[in-house]
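Notes follow once the structure below has been shown.
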Amino acid sequence: MMKAQDFLELEQARNSWSHAYLIVGSAERRIRGLLDYVIRARGFDRFDVKELRPAGESGRAGEIKVEEIRNLLHWLHLSSAGGGRLAVIYESQRLNQSSGNILLKTLEEPPRGAMFILVARTEAVLVTIRSRCRLIRVTGEEDCTGEDERRIEMILNLNNSEAFREVEKIAKDNQVDRFLDQLEAFLRTRLCRTPQVHLVWAIREVERARRVIGGNANMRLVLENLLLSIRH
């Protein structure tokens, strides 16, 4: 699979930029690097870049509201300092049907020179929105250090009660996305060293856990079930 950076560099080389991209992943530093690359490559002035970051609540209270999207679109239609404007929407899996429908109209008929980059932790974004964007997946594979790898191996070798205590701490510290990134990286590294069917299956279980968590499931319970499934 082509790396995200390579994909964007190819877009630049071909001058085949889309007006809308959906970046899926939780590796924040890498996603920031991709955004910075787009800003440089497209020559956006810093005054022509606006980021929408919804409040940190989960569930219905954390949805991206209609008014937030309307304000962003109003700004997008104003005259730019340079050759266009870039709107970045974080946590775009939290668009609700109403705010999504308003955004969809502009995605279908964007202003001249406008670009959208939607960022989401999972692919659980409204289908109508997702279908208007070029998808870029960002994994945490390169973020897994030797220390991270040793910690993942330690957790996988614990008994159930000890492993569940680790899971409780991960959920409490809001480190679920990072843990899943590190676990996937660990499994992919093992797969490269020793190709085995159960490792492929385990990676798919990690991806499934991301999707379930994206649907506002109990993160601790999802991680407990994940560890039980991939360790047996």
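In the structure tokens, chains take letters A, B, ... by order of appearance, with residues numbered from 1 within each chain and ligands from 1 in the order shown.
Near A:Gly82, within 8 Å and counting only C-alpha atoms, sit Gly43, Phe44, Asp45 and Asp48 of chain A; same-chain residues fewer than 4 positions away were not included.
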Using all heavy atoms, can you write the selected residues to a file as an mmCIF file, in the first residue's frame?
data_model
loop_
_atom_site.group_PDB
_atom_site.id
_atom_site.type_symbol
_atom_site.label_atom_id
_atom_site.label_comp_id
_atom_site.auth_asym_id
_atom_site.auth_seq_id
_atom_site.Cartn_x
_atom_site.Cartn_y
_atom_site.Cartn_z
ATOM 1 N N GLY A 43 0.883 26.088 -1.564
ATOM 2 C CA GLY A 43 1.187 27.506 -1.408
ATOM 3 C C GLY A 43 0.114 28.290 -0.676
ATOM 4 O O GLY A 43 -0.078 29.487 -0.941
ATOM 5 N N PHE A 44 -0.577 27.638 0.280
ATOM 6 C CA PHE A 44 -1.598 28.352 1.046
ATOM 7 C C PHE A 44 -0.941 29.349 1.998
ATOM 8 O O PHE A 44 0.009 29.023 2.705
ATOM 9 C CB PHE A 44 -2.457 27.378 1.862
ATOM 10 C CG PHE A 44 -3.407 26.552 1.052
ATOM 11 C CD1 PHE A 44 -3.276 25.174 0.991
ATOM 12 C CD2 PHE A 44 -4.440 27.148 0.347
ATOM 13 C CE1 PHE A 44 -4.159 24.402 0.243
ATOM 14 C CE2 PHE A 44 -5.330 26.392 -0.403
ATOM 15 C CZ PHE A 44 -5.183 25.015 -0.456
ATOM 16 N N ASP A 45 -1.453 30.568 2.022
ATOM 17 C CA ASP A 45 -1.032 31.549 3.011
ATOM 18 C C ASP A 45 -1.567 31.113 4.376
ATOM 19 O O ASP A 45 -2.641 30.503 4.467
ATOM 20 C CB ASP A 45 -1.600 32.926 2.635
ATOM 21 C CG ASP A 45 -1.106 34.019 3.541
ATOM 22 O OD1 ASP A 45 -1.677 34.188 4.634
ATOM 23 O OD2 ASP A 45 -0.146 34.718 3.158
ATOM 24 N N ASP A 48 -5.029 31.761 5.201
ATOM 25 C CA ASP A 48 -6.021 31.059 4.388
ATOM 26 C C ASP A 48 -6.196 29.601 4.814
ATOM 27 O O ASP A 48 -6.705 28.781 4.052
ATOM 28 C CB ASP A 48 -5.631 31.124 2.907
ATOM 29 C CG ASP A 48 -5.787 32.530 2.346
ATOM 30 O OD1 ASP A 48 -6.681 33.257 2.827
ATOM 31 O OD2 ASP A 48 -5.025 32.899 1.442
#
Considering only strand (DSSP E or B) as DSSP defines it on the backbone, what residues of stretch 1-217 of chain A qualify? List them as a PyMOL selection string. chain A and resi 20-24+49-52+64+85-89+95+114-120+134-137
12 Å contact set for A:His198, only C-alpha atoms, chain neighbours under 5 positions out, as a ChimeraX atom specification: /A:187-188,190-191,203-205,229-232
Near A:Ser92, within 10 Å and counting only C-alpha atoms, which residues show up once chain neighbours fewer than 4 positions away are dropped, as a PyMOL selection string? chain A and resi 22-24+52-54+63-64+88+96+100+117-126+129-130
Just to be explicit: take each residue in the selection above, keep C-alpha atoms, and write the result as an mmCIF file, in the first residue's frame.
data_model
loop_
_atom_site.group_PDB
_atom_site.id
_atom_site.type_symbol
_atom_site.label_atom_id
_atom_site.label_comp_id
_atom_site.auth_asym_id
_atom_site.auth_seq_id
_atom_site.Cartn_x
_atom_site.Cartn_y
_atom_site.Cartn_z
ATOM 1 C CA LEU A 22 -10.177 12.229 4.233
ATOM 2 C CA ILE A 23 -7.185 11.290 6.407
ATOM 3 C CA VAL A 24 -7.942 8.344 8.682
ATOM 4 C CA LEU A 52 -12.175 23.175 13.094
ATOM 5 C CA ARG A 53 -11.557 21.203 16.285
ATOM 6 C CA PRO A 54 -14.760 20.081 18.011
ATOM 7 C CA GLU A 63 -21.075 15.884 17.622
ATOM 8 C CA ILE A 64 -19.933 18.585 15.225
ATOM 9 C CA VAL A 88 -9.349 21.281 8.034
ATOM 10 C CA ASN A 96 -24.009 14.362 12.452
ATOM 11 C CA GLY A 100 -22.885 16.532 7.282
ATOM 12 C CA ILE A 117 -9.016 17.989 4.558
ATOM 13 C CA LEU A 118 -11.119 15.916 6.921
ATOM 14 C CA VAL A 119 -9.308 14.051 9.694
ATOM 15 C CA ALA A 120 -10.902 11.102 11.468
ATOM 16 C CA ARG A 121 -9.707 8.459 13.905
ATOM 17 C CA THR A 122 -11.744 5.763 12.131
ATOM 18 C CA GLU A 123 -13.529 5.356 8.807
ATOM 19 C CA ALA A 124 -16.882 5.726 10.576
ATOM 20 C CA VAL A 125 -17.560 8.945 8.651
ATOM 21 C CA LEU A 126 -20.904 9.594 6.958
ATOM 22 C CA ILE A 129 -19.094 12.642 2.972
ATOM 23 C CA ARG A 130 -16.578 9.826 2.594
#
Selected residue, from A:Ser99, A:Asn160, A:Asn174, A:Ser79, that lies nearest to A:Thr128 when counting only C-alpha atoms: A:Ser99
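Taking atom CA of A:Thr194 as the reference point, atom CA of A:Glu149 is found at 16.0 Å.
If only C-alpha atoms are the atoms counted, then among A:Leu227, A:His74, A:Arg150, A:Thr139 the closest residue to A:Glu184 is A:Thr139.
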